[in-house]
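The structure file model-v2.tsv is reproduced below (TSV, C-alpha atoms and all ligand atoms).
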chain	number	residue	atom	x	y	z
A	1	MET	CA	58.18	-106.52	-40.62
A	2	ILE	CA	56.25	-108.65	-43.12
A	3	ARG	CA	54.74	-106.69	-46.02
A	4	TRP	CA	51.49	-108.17	-47.32
A	5	GLY	CA	49.40	-107.97	-50.46
A	6	LEU	CA	45.74	-108.95	-50.30
A	7	ILE	CA	44.40	-110.91	-53.25
A	8	GLY	CA	40.65	-110.40	-52.98
A	9	ALA	CA	38.72	-107.52	-51.42
A	10	SER	CA	36.77	-109.98	-49.33
A	11	THR	CA	34.52	-110.06	-46.29
A	12	ILE	CA	36.82	-112.40	-44.36
A	13	ALA	CA	39.78	-110.04	-44.81
A	14	HIS	CA	37.56	-107.14	-43.71
A	15	GLU	CA	36.11	-108.94	-40.69
A	16	TRP	CA	39.20	-110.75	-39.37
A	17	VAL	CA	42.41	-111.06	-41.34
A	18	ILE	CA	43.39	-107.42	-41.94
A	19	ASP	CA	43.22	-106.76	-38.19
A	20	ALA	CA	45.06	-110.03	-37.45
A	21	ILE	CA	47.94	-109.10	-39.78
A	22	ARG	CA	48.23	-105.67	-38.23
A	23	ALA	CA	48.01	-107.06	-34.68
A	24	ASN	CA	51.13	-109.08	-35.56
A	25	GLY	CA	53.03	-106.04	-36.81
A	26	GLY	CA	52.46	-106.82	-40.51
A	27	GLU	CA	51.92	-104.07	-43.02
A	28	ILE	CA	49.25	-104.35	-45.72
A	29	VAL	CA	50.67	-102.63	-48.74
A	30	SER	CA	48.20	-103.35	-51.49
A	31	VAL	CA	44.88	-104.99	-52.29
A	32	MET	CA	43.76	-106.55	-55.56
A	33	SER	CA	40.11	-106.49	-56.63
A	34	ALA	CA	38.68	-107.30	-60.06
A	35	ASN	CA	36.65	-104.11	-59.76
A	36	ALA	CA	38.74	-100.91	-59.69
A	37	GLU	CA	36.11	-98.78	-57.98
A	38	ARG	CA	35.32	-101.34	-55.28
A	39	GLY	CA	39.03	-102.02	-54.75
A	40	ALA	CA	39.79	-98.32	-54.31
A	41	LYS	CA	36.97	-97.93	-51.80
A	42	TYR	CA	38.08	-101.08	-49.93
A	43	ALA	CA	41.65	-99.76	-49.77
A	44	ALA	CA	40.48	-96.37	-48.52
A	45	ASP	CA	38.12	-97.90	-45.95
A	46	HIS	CA	40.92	-100.09	-44.58
A	47	GLY	CA	43.82	-97.64	-44.73
A	48	ILE	CA	45.63	-99.63	-47.48
A	49	ALA	CA	47.86	-97.42	-49.62
A	50	HIS	CA	47.41	-99.13	-53.01
A	51	SER	CA	44.66	-100.95	-54.88
A	52	VAL	CA	45.19	-102.76	-58.17
A	53	THR	CA	43.11	-104.81	-60.56
A	54	ALA	CA	45.80	-107.09	-62.00
A	55	LEU	CA	47.66	-109.82	-60.18
A	56	ASP	CA	50.97	-108.97	-61.93
A	57	GLU	CA	50.66	-105.44	-60.63
A	58	LEU	CA	50.16	-106.65	-57.06
A	59	LEU	CA	53.05	-109.09	-57.25
A	60	SER	CA	55.54	-106.77	-58.92
A	61	GLY	CA	54.30	-103.25	-58.15
A	62	GLN	CA	55.13	-102.84	-54.48
A	63	SER	CA	57.66	-104.92	-52.64
A	64	ILE	CA	55.69	-107.50	-50.69
A	65	ASP	CA	56.78	-110.63	-48.84
A	66	ALA	CA	53.48	-112.48	-48.55
A	67	VAL	CA	50.00	-112.66	-50.04
A	68	TYR	CA	46.67	-113.52	-48.46
A	69	ILE	CA	44.34	-115.10	-51.01
A	70	SER	CA	40.64	-114.82	-50.14
A	71	THR	CA	38.94	-114.68	-53.50
A	72	THR	CA	36.26	-117.20	-54.47
A	73	ASN	CA	37.65	-120.72	-54.57
A	74	GLU	CA	37.93	-121.28	-58.33
A	75	LEU	CA	40.44	-118.40	-58.49
A	76	HIS	CA	42.83	-119.64	-55.81
A	77	LYS	CA	44.88	-121.97	-58.03
A	78	ASP	CA	46.14	-119.49	-60.62
A	79	GLN	CA	46.70	-116.88	-57.91
A	80	VAL	CA	48.79	-119.27	-55.82
A	81	LEU	CA	50.84	-120.40	-58.83
A	82	ALA	CA	51.62	-116.81	-59.83
A	83	SER	CA	52.43	-115.80	-56.25
A	84	ALA	CA	54.78	-118.75	-55.77
A	85	LYS	CA	56.48	-117.96	-59.06
A	86	ALA	CA	57.02	-114.41	-57.82
A	87	GLY	CA	58.60	-115.80	-54.64
A	88	LYS	CA	55.84	-114.68	-52.25
A	89	HIS	CA	54.82	-116.63	-49.18
A	90	VAL	CA	51.17	-117.66	-49.45
A	91	LEU	CA	48.33	-117.81	-46.97
A	92	CYS	CA	45.41	-119.25	-48.92
A	93	GLU	CA	41.81	-119.61	-47.87
A	94	LYS	CA	40.04	-122.93	-47.68
A	95	PRO	CA	39.01	-124.86	-49.64
A	96	LEU	CA	42.37	-124.59	-51.38
A	97	ALA	CA	40.71	-125.19	-54.74
A	98	THR	CA	37.72	-126.85	-56.36
A	99	SER	CA	39.65	-129.97	-57.41
A	100	LEU	CA	42.35	-132.05	-55.76
A	101	ASP	CA	44.59	-131.85	-58.82
A	102	ASP	CA	44.54	-128.05	-58.65
A	103	ALA	CA	45.31	-128.08	-54.94
A	104	LYS	CA	48.20	-130.50	-55.45
A	105	ALA	CA	49.65	-128.24	-58.13
A	106	MET	CA	49.44	-125.32	-55.67
A	107	VAL	CA	51.26	-127.21	-52.91
A	108	ALA	CA	53.91	-128.41	-55.37
A	109	ALA	CA	54.46	-124.91	-56.78
A	110	CYS	CA	55.04	-123.43	-53.32
A	111	LYS	CA	57.38	-126.26	-52.41
A	112	ALA	CA	59.37	-125.76	-55.64
A	113	ALA	CA	59.55	-122.00	-55.01
A	114	ASN	CA	60.61	-122.61	-51.41
A	115	VAL	CA	57.92	-120.29	-50.03
A	116	VAL	CA	55.74	-120.90	-46.97
A	117	PHE	CA	52.27	-122.12	-47.90
A	118	ALA	CA	49.46	-122.16	-45.35
A	119	THR	CA	45.76	-123.00	-45.42
A	120	ASN	CA	43.61	-120.69	-43.29
A	121	HIS	CA	41.96	-123.34	-41.11
A	122	HIS	CA	41.40	-121.01	-38.17
A	123	LEU	CA	39.81	-123.55	-35.80
A	124	ARG	CA	43.20	-125.16	-35.09
A	125	ASN	CA	44.07	-121.93	-33.34
A	126	ALA	CA	41.19	-122.10	-30.87
A	127	ALA	CA	42.02	-122.65	-27.21
A	128	THR	CA	39.08	-125.07	-27.05
A	129	HIS	CA	40.35	-127.43	-29.74
A	130	THR	CA	43.92	-127.26	-28.50
A	131	ALA	CA	42.72	-128.13	-24.99
A	132	MET	CA	40.82	-131.15	-26.37
A	133	ARG	CA	43.87	-132.23	-28.37
A	134	ASP	CA	46.10	-131.94	-25.29
A	135	ALA	CA	43.62	-133.84	-23.09
A	136	ILE	CA	43.44	-136.68	-25.61
A	137	ALA	CA	47.21	-136.79	-26.00
A	138	ALA	CA	47.52	-136.94	-22.19
A	139	GLY	CA	45.24	-139.99	-22.13
A	140	LYS	CA	42.39	-138.28	-20.26
A	141	ILE	CA	39.67	-140.09	-22.22
A	142	GLY	CA	41.56	-143.30	-22.99
A	143	LYS	CA	41.29	-144.49	-26.58
A	144	PRO	CA	39.06	-142.17	-28.65
A	145	LEU	CA	36.22	-144.17	-30.19
A	146	ALA	CA	33.76	-141.65	-31.59
A	147	ALA	CA	33.43	-137.95	-32.35
A	148	ARG	CA	30.40	-135.73	-32.99
A	149	VAL	CA	30.69	-132.40	-34.78
A	150	PHE	CA	27.79	-129.95	-34.79
A	151	HIS	CA	28.55	-127.15	-37.21
A	152	ALA	CA	25.14	-126.29	-38.60
A	153	VAL	CA	24.66	-122.53	-38.54
A	154	TYR	CA	22.66	-119.83	-40.30
A	155	LEU	CA	24.55	-118.24	-43.18
A	156	PRO	CA	24.36	-114.50	-42.44
A	157	PRO	CA	22.49	-112.46	-45.09
A	158	HIS	CA	25.64	-110.57	-46.14
A	159	LEU	CA	27.26	-113.89	-47.12
A	160	GLN	CA	24.25	-115.21	-49.05
A	161	GLY	CA	25.93	-114.87	-52.46
A	162	TRP	CA	28.19	-117.25	-54.38
A	163	ARG	CA	28.06	-119.90	-51.61
A	164	LEU	CA	24.43	-120.57	-52.55
A	165	ASP	CA	24.32	-120.52	-56.34
A	166	ARG	CA	27.80	-120.96	-57.82
A	167	PRO	CA	29.01	-124.57	-58.10
A	168	ASP	CA	31.89	-123.31	-60.28
A	169	ALA	CA	33.15	-121.20	-57.37
A	170	GLY	CA	33.05	-124.13	-54.96
A	171	GLY	CA	29.78	-123.01	-53.38
A	172	GLY	CA	27.72	-125.14	-51.00
A	173	VAL	CA	28.04	-126.07	-47.38
A	174	ILE	CA	30.51	-128.94	-47.86
A	175	LEU	CA	33.44	-126.97	-49.26
A	176	ASP	CA	32.59	-124.13	-46.89
A	177	ILE	CA	32.14	-125.90	-43.55
A	178	THR	CA	32.82	-129.65	-43.83
A	179	VAL	CA	36.43	-128.90	-44.77
A	180	HIS	CA	36.83	-127.08	-41.44
A	181	ASP	CA	35.29	-130.02	-39.53
A	182	THR	CA	37.71	-132.44	-41.17
A	183	ASP	CA	40.71	-130.31	-40.40
A	184	THR	CA	39.63	-129.82	-36.79
A	185	LEU	CA	39.07	-133.57	-36.34
A	186	ARG	CA	42.53	-134.30	-37.75
A	187	TYR	CA	44.06	-131.71	-35.45
A	188	VAL	CA	42.25	-132.75	-32.27
A	189	LEU	CA	42.54	-136.50	-32.83
A	190	GLY	CA	45.98	-136.62	-34.42
A	191	ASP	CA	44.41	-139.07	-36.86
A	192	ASP	CA	43.48	-139.08	-40.55
A	193	PRO	CA	40.15	-139.99	-42.16
A	194	VAL	CA	39.93	-142.95	-44.54
A	195	GLU	CA	36.32	-143.02	-45.79
A	196	VAL	CA	32.95	-141.29	-45.57
A	197	ILE	CA	29.26	-141.74	-46.26
A	198	ALA	CA	26.96	-138.71	-46.35
A	199	SER	CA	23.56	-137.26	-47.22
A	200	THR	CA	22.85	-133.71	-48.32
A	201	GLN	CA	19.80	-131.50	-48.39
A	202	GLN	CA	18.54	-128.33	-50.04
A	203	SER	CA	16.73	-126.73	-47.17
A	204	GLY	CA	15.73	-123.32	-48.45
A	205	LEU	CA	18.77	-121.26	-49.36
A	206	ALA	CA	20.99	-123.13	-51.83
A	207	LYS	CA	20.25	-123.45	-55.54
A	208	ALA	CA	21.86	-125.00	-58.60
A	209	ASP	CA	22.31	-128.47	-57.13
A	210	LEU	CA	24.33	-127.12	-54.22
A	211	ALA	CA	23.70	-128.44	-50.71
A	212	ASP	CA	22.94	-126.15	-47.80
A	213	ALA	CA	22.96	-128.97	-45.24
A	214	VAL	CA	24.88	-132.21	-44.92
A	215	MET	CA	25.25	-135.06	-42.46
A	216	GLY	CA	28.01	-137.57	-42.74
A	217	VAL	CA	29.88	-140.34	-41.00
A	218	MET	CA	33.64	-140.47	-41.40
A	219	ARG	CA	35.89	-143.36	-40.41
A	220	PHE	CA	39.45	-142.66	-39.26
A	221	LYS	CA	42.61	-144.79	-39.47
A	222	SER	CA	42.38	-145.68	-35.77
A	223	GLY	CA	38.86	-147.03	-36.34
A	224	LEU	CA	37.20	-143.99	-34.74
A	225	ILE	CA	33.92	-142.93	-36.34
A	226	ALA	CA	32.88	-139.28	-36.51
A	227	MET	CA	29.47	-137.84	-37.32
A	228	LEU	CA	29.14	-134.39	-38.85
A	229	HIS	CA	26.22	-132.02	-39.28
A	230	ASP	CA	26.90	-128.86	-41.26
A	231	GLY	CA	24.31	-126.36	-42.41
A	232	PHE	CA	23.50	-122.87	-43.65
A	233	THR	CA	19.84	-122.88	-42.63
A	234	THR	CA	19.89	-123.81	-38.95
A	235	LYS	CA	19.02	-120.54	-37.22
A	236	TYR	CA	18.79	-121.71	-33.65
A	237	ALA	CA	21.24	-124.62	-33.31
A	238	ASP	CA	24.30	-124.40	-31.08
A	239	THR	CA	27.68	-125.64	-32.32
A	240	GLY	CA	29.66	-128.39	-30.66
A	241	PHE	CA	32.54	-130.84	-30.90
A	242	GLU	CA	32.67	-134.00	-28.82
A	243	VAL	CA	35.12	-136.88	-28.53
A	244	HIS	CA	34.14	-140.02	-26.64
A	245	GLY	CA	36.77	-142.49	-25.50
A	246	THR	CA	37.13	-145.70	-23.52
A	247	GLU	CA	37.85	-143.77	-20.29
A	248	GLY	CA	36.07	-140.47	-20.72
A	249	SER	CA	34.37	-137.86	-22.88
A	250	LEU	CA	35.23	-134.35	-24.01
A	251	VAL	CA	32.28	-132.12	-24.72
A	252	GLY	CA	32.93	-128.78	-26.41
A	253	ARG	CA	30.06	-126.31	-26.72
A	254	ASN	CA	29.94	-123.19	-28.91
A	255	VAL	CA	33.38	-124.14	-30.21
A	256	MET	CA	32.88	-124.12	-34.01
A	257	SER	CA	33.16	-120.36	-34.15
A	258	GLN	CA	35.32	-117.64	-35.63
A	259	LYS	CA	35.30	-115.96	-32.23
A	260	PRO	CA	37.54	-116.98	-29.30
A	261	VAL	CA	34.64	-118.48	-27.33
A	262	GLY	CA	33.27	-121.77	-26.06
A	263	ILE	CA	33.68	-124.19	-23.19
A	264	VAL	CA	35.02	-127.73	-22.94
A	265	THR	CA	33.97	-130.23	-20.31
A	266	LEU	CA	35.92	-133.39	-19.48
A	267	ARG	CA	33.84	-136.19	-18.02
A	268	ASN	CA	35.46	-139.39	-16.69
A	269	ALA	CA	35.53	-141.66	-13.64
A	270	ASP	CA	36.93	-138.77	-11.55
A	271	GLY	CA	33.90	-136.55	-12.26
A	272	GLU	CA	33.13	-133.60	-14.50
A	273	PHE	CA	35.56	-130.72	-15.00
A	274	GLU	CA	35.61	-127.63	-17.17
A	275	LEU	CA	38.97	-127.34	-18.93
A	276	LYS	CA	40.93	-124.14	-18.31
A	277	LEU	CA	41.07	-122.11	-21.52
A	278	ASP	CA	43.17	-119.13	-22.48
A	279	HIS	CA	41.04	-117.70	-25.31
A	280	GLN	CA	42.97	-115.73	-27.94
A	281	ASN	CA	41.90	-114.35	-31.33
A	282	LEU	CA	42.11	-117.37	-33.69
A	283	TYR	CA	43.17	-115.41	-36.76
A	284	GLU	CA	45.86	-113.51	-34.88
A	285	THR	CA	47.32	-116.79	-33.65
A	286	GLY	CA	47.30	-118.12	-37.22
A	287	ILE	CA	49.09	-115.06	-38.59
A	288	ALA	CA	51.64	-115.21	-35.75
A	289	LYS	CA	52.50	-118.80	-36.72
A	290	PHE	CA	52.67	-117.84	-40.39
A	291	HIS	CA	55.04	-114.95	-39.67
A	292	ALA	CA	57.17	-117.26	-37.52
A	293	ALA	CA	57.29	-119.85	-40.32
A	294	ILE	CA	58.52	-117.17	-42.72
A	295	ALA	CA	61.26	-116.38	-40.21
A	296	GLY	CA	62.21	-120.07	-40.18
A	297	ASN	CA	60.57	-120.88	-36.86
A	298	GLY	CA	58.19	-123.82	-37.10
A	299	LYS	CA	55.30	-124.51	-39.41
A	300	PRO	CA	52.09	-122.61	-40.11
A	301	ALA	CA	49.07	-123.75	-38.09
A	302	ALA	CA	47.73	-125.61	-41.13
A	303	ASP	CA	50.00	-126.12	-44.12
A	304	GLY	CA	49.31	-127.05	-47.73
A	305	GLU	CA	49.11	-130.77	-46.98
A	306	ASP	CA	46.50	-130.09	-44.31
A	307	GLY	CA	44.57	-128.19	-46.99
A	308	LEU	CA	44.84	-131.19	-49.31
A	309	TRP	CA	43.41	-133.45	-46.62
A	310	SER	CA	40.41	-131.22	-45.91
A	311	LEU	CA	39.68	-130.73	-49.60
A	312	ALA	CA	39.99	-134.47	-50.31
A	313	ALA	CA	37.53	-135.13	-47.49
A	314	GLY	CA	35.11	-132.45	-48.71
A	315	LEU	CA	35.13	-133.80	-52.25
A	316	ALA	CA	34.61	-137.34	-50.91
A	317	VAL	CA	31.63	-136.16	-48.82
A	318	ALA	CA	30.07	-134.56	-51.91
A	319	GLU	CA	30.63	-137.69	-54.00
A	320	ALA	CA	29.30	-139.97	-51.25
A	321	ALA	CA	26.12	-137.90	-51.01
A	322	LYS	CA	25.69	-137.90	-54.79
A	323	THR	CA	26.23	-141.62	-55.27
A	324	GLY	CA	25.02	-143.03	-51.96
A	325	VAL	CA	28.22	-145.05	-51.86
A	326	THR	CA	30.96	-144.84	-49.20
A	327	GLN	CA	33.91	-142.94	-50.66
A	328	PRO	CA	37.60	-143.24	-49.82
A	329	ILE	CA	39.39	-140.13	-48.57
A	330	ASP	CA	42.82	-139.94	-50.13
A	331	PRO	CA	44.76	-136.71	-50.65
A	332	GLY	CA	47.38	-138.67	-52.59
A	333	LEU	CA	50.27	-137.77	-50.31
A	401	LIG	P1	33.38	-112.61	-50.32
A	401	LIG	O1	32.19	-112.88	-51.19
A	401	LIG	O2	33.26	-111.52	-49.33
A	401	LIG	O3	34.65	-112.29	-51.22
A	401	LIG	C1	35.01	-113.10	-52.32
A	401	LIG	C2	35.18	-112.21	-53.56
A	401	LIG	O4	33.91	-111.67	-53.89
A	401	LIG	C3	36.10	-111.04	-53.30
A	401	LIG	O5	37.42	-111.37	-53.66
A	401	LIG	C4	35.50	-109.92	-54.15
A	401	LIG	O6	36.09	-109.88	-55.43
A	401	LIG	C5	34.04	-110.31	-54.32
A	401	LIG	N1	33.18	-109.45	-53.49
A	401	LIG	C6	33.19	-109.33	-52.15
A	401	LIG	N2	32.25	-108.46	-51.75
A	401	LIG	C7	31.65	-108.02	-52.86
A	401	LIG	C8	30.62	-107.08	-53.12
A	401	LIG	N3	29.99	-106.42	-52.13
A	401	LIG	N4	30.26	-106.87	-54.40
A	401	LIG	C9	30.89	-107.51	-55.40
A	401	LIG	N5	31.88	-108.39	-55.22
A	401	LIG	C10	32.24	-108.65	-53.98
A	401	LIG	O7	33.77	-114.00	-49.67
A	401	LIG	P2	34.28	-114.41	-48.23
A	401	LIG	O8	35.15	-113.38	-47.64
A	401	LIG	O9	33.14	-114.87	-47.44
A	401	LIG	O10	35.15	-115.72	-48.63
A	401	LIG	C11	36.35	-115.57	-49.36
A	401	LIG	C12	37.21	-116.82	-49.20
A	401	LIG	O11	37.51	-116.99	-47.84
A	401	LIG	C13	36.60	-118.13	-49.65
A	401	LIG	O12	37.61	-118.98	-50.12
A	401	LIG	C14	36.01	-118.70	-48.36
A	401	LIG	O13	35.86	-120.10	-48.40
A	401	LIG	C15	37.05	-118.25	-47.36
A	401	LIG	N6	36.54	-118.05	-46.00
A	401	LIG	C16	37.27	-118.55	-44.95
A	401	LIG	C17	36.89	-118.34	-43.65
A	401	LIG	C18	37.76	-118.83	-42.54
A	401	LIG	O14	37.45	-118.57	-41.40
A	401	LIG	N7	38.86	-119.49	-42.80
A	401	LIG	C19	35.65	-117.61	-43.33
A	401	LIG	C20	34.99	-117.06	-44.50
A	401	LIG	C21	35.43	-117.29	-45.77
A	401	LIG	P3	37.24	-108.83	-55.76
A	401	LIG	O15	38.38	-109.22	-54.90
A	401	LIG	O16	37.49	-109.03	-57.19
A	401	LIG	O17	36.71	-107.49	-55.41
Can I see the file as structure tokens?
Amino acid sequence: MIRWGLIGASTIAHEWVIDAIRANGGEIVSVMSANAERGAKYAADHGIAHSVTALDELLSGQSIDAVYISTTNELHKDQVLASAKAGKHVLCEKPLATSLDDAKAMVAACKAANVVFATNHHLRNAATHTAMRDAIAAGKIGKPLAARVFHAVYLPPHLQGWRLDRPDAGGGVILDITVHDTDTLRYVLGDDPVEVIASTQQSGLAKADLADAVMGVMRFKSGLIAMLHDGFTTKYADTGFEVHGTEGSLVGRNVMSQKPVGIVTLRNADGEFELKLDHQNLYETGIAKFHAAIAGNGKPAADGEDGLWSLAAGLAVAEAAKTGVTQPIDPGL
């Protein structure tokens, strides 16, 4: 059984990851919060035996095998470095960090410590995206030429905090959502992005020079172009993910979601078919792969290098929007 420590008494752990760890037979031993009172309440509410306020205490106090880091993004780096040094396997939230140099240091530290390092890009674990990936790999749409990602949503009121007013914490829609789009495109297409141009907007929620909406066009190594629309202020839009090829199209609807939902339609010369999907909890699938990787079986769903790619793309999108100039996407691998 894998024994876990939670670094961050967060909403995402509360809503998804605590249950996903337990569904995979993991035990959550301890939680770290900067606020002792909040941490104690969080631990009690979630049936976690210990709460601590110092990272050292979490890493050395109880015997744990792995940590889940879901603090705000500027804190991830030091927490990953300390966890790796203590020999703990690390599941870190996206974006890995607020700069590429920090993220590279995190990946290198985990490699040097020989611990598993994963980025929590949950959408790779969706039946919808895997079905699109498999259909493309099987040649069902010929050569992919273009993709369209619709990931503009309404940021729920309980999450309207640091994402909207803290650039230092990696707030804004790009590091929150565009990084997921990039990772999902890489996963579905089996291709890497090379450059991007983008425009951002402040459309009512974000402050402090942060964007709450962005549109961009990304070019991939194969020549494919992908358009993205991400937002925090789009109350009534649906989400979607489409890939259009020389011989067919894949149209995913309601697929950019934390929930195991959505449909995918394949359209080609043979007609229009709904792909068969075996929906499973995305976070549970991610934890299952992480546990397996710890046991020496395979890789996590998204590893540290995948996290470098999505962060490099997110930072390039932000820079492209700021300068109006196409930016290269290069994680330096
Ligand atoms: P939260 O704001 O819920 O948590 C981040 C930190 O804020 C916590 O570590 C906690 O600090 C503090 N905090 C949380 N709630 C309160 C509160 N009520 N009062 C005071 N402080 C509070 O963030 P999220 O859970 O939304 O995001 C955390 C990380 O997870 C980010 O990196 C984000 O990008 C990522 N994320 C990933 C998702 C995915 O599907 N992969 C989805 C959502 C988020 P402390 O620990 O010190 O108590």
*How would you write, as a ChimeraX atom specification, the set of residues no farther than 6 Å from ligand LIG 401 (chain A) when counting only C-alpha atoms and all ligand atoms?*
/A:8-12,33-35,39,70-73,93-95,120-122,159,176
*For A:Ala312, please output as JSON, numbers by chain all residues within 12 Å (counting only C-alpha atoms; exclusion window: fewer than 4 positions along the same chain).*
{"A": [94, 95, 96, 97, 98, 99, 100, 101, 102, 103, 104, 174, 175, 178, 179, 180, 182, 183, 192, 193, 194, 195, 196, 305, 306, 307, 308, 316, 317, 318, 319, 327, 328, 329, 330, 331, 332, 333]}
Specify the axis-aligned box that encloses all atoms of stretch 137-149 of chain A listed in the file after padding of 3 Å on each side, stating its centre and edge lengths in Å to one decimal as AutoDock Vina command-line options.
--center_x 39.0 --center_y -138.4 --center_z -27.5 --size_x 23.1 --size_y 18.1 --size_z 20.5
*In terms of the shortest atom-to-atom distance over all atoms listed in the file, which of A:Ser199, A:Asn254, A:Ser30, A:Gln79 is closest to A:His229?*
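For A:His229, the nearest of the candidates is A:Ser199.
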_Restricting the calculation to only C-alpha atoms: of A:Asp209, A:Val80, A:Leu6, A:Leu250, which residue gets closest to A:Asp168?_
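Looking at the shortest contact to A:Asp168, the residue is A:Asp209.
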*asked:* Given the point (29.8, -122.7, -53.4) in the file's coordinates, find the residues that have an atom at most 9 Å from it, counting all atoms listed in the file, and give them as a ChimeraX atom specification.
replied: /A:72-73,161-176,206,210-211
*Given only C-alpha atoms as the counted atoms, nearest of A:Arg124, A:Val115, A:Cys92, A:Asp230 to A:Leu155*: A:Asp230
*Taking into account only C-alpha atoms, which residue in the set A:Glu247, A:Asp19, A:Asp278, A:Asp56 is nearest to A:Leu81?*
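Comparing A:Glu247, A:Asp19, A:Asp278, A:Asp56 against A:Leu81, the winner is A:Asp56.
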*Given the choices A:Leu75, A:Ala113, A:Leu277, A:Ile177, which gets closest to A:Asp212 if the distance is worked out from only C-alpha atoms?*
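Using only C-alpha atoms, A:Asp212 sits closest to A:Ile177.
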*Counting only C-alpha atoms, select every polymer residue within 10 Å of (54.3, -109.7, -54.7) as defined in the file's coordinates, and provide the selection as JSON, numbers by chain.*
{"A": [3, 4, 5, 6, 29, 30, 55, 56, 57, 58, 59, 60, 61, 62, 63, 64, 65, 66, 67, 82, 83, 84, 85, 86, 87, 88, 89]}
_Selection: 10 Å around stretch 139-146 of chain A, all atoms listed in the file, excl. self and same-chain fewer than 6 positions, as a PyMOL selection string_ = chain A and resi 132+189+218-220+222-227+242-250+266-269
*Quick one: pull the distance between atom CA of A:Thr128 and atom CA of A:Gly314, Å, one decimal.*
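Value for the atom CA of A:Thr128-atom CA of A:Gly314 distance: 23.2 Å.
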_Residue among A:Ala40, A:Ile28, A:Leu91, A:Asn125 lying closest to A:Gly286, counting only C-alpha atoms_ =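 Selected residue with least distance to A:Gly286: A:Asn125.
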*Name the residues in contact with A:Ala320 at a cut-off of 6 Å, using all atoms listed in the file, excluding same-chain residues fewer than 5 positions from it; report them as a ChimeraX atom specification.*
/A:197-198,325-327
*Quick one: pull the distance between atom CA of A:Cys110 and atom CA of A:Leu315, Å, one decimal.*
22.5 Å
*asked:* Using Å and a single decimal, report how far atom CA of A:Gly240 sits from atom CA of A:Gln201.
replied: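 The value is 20.5 Å.
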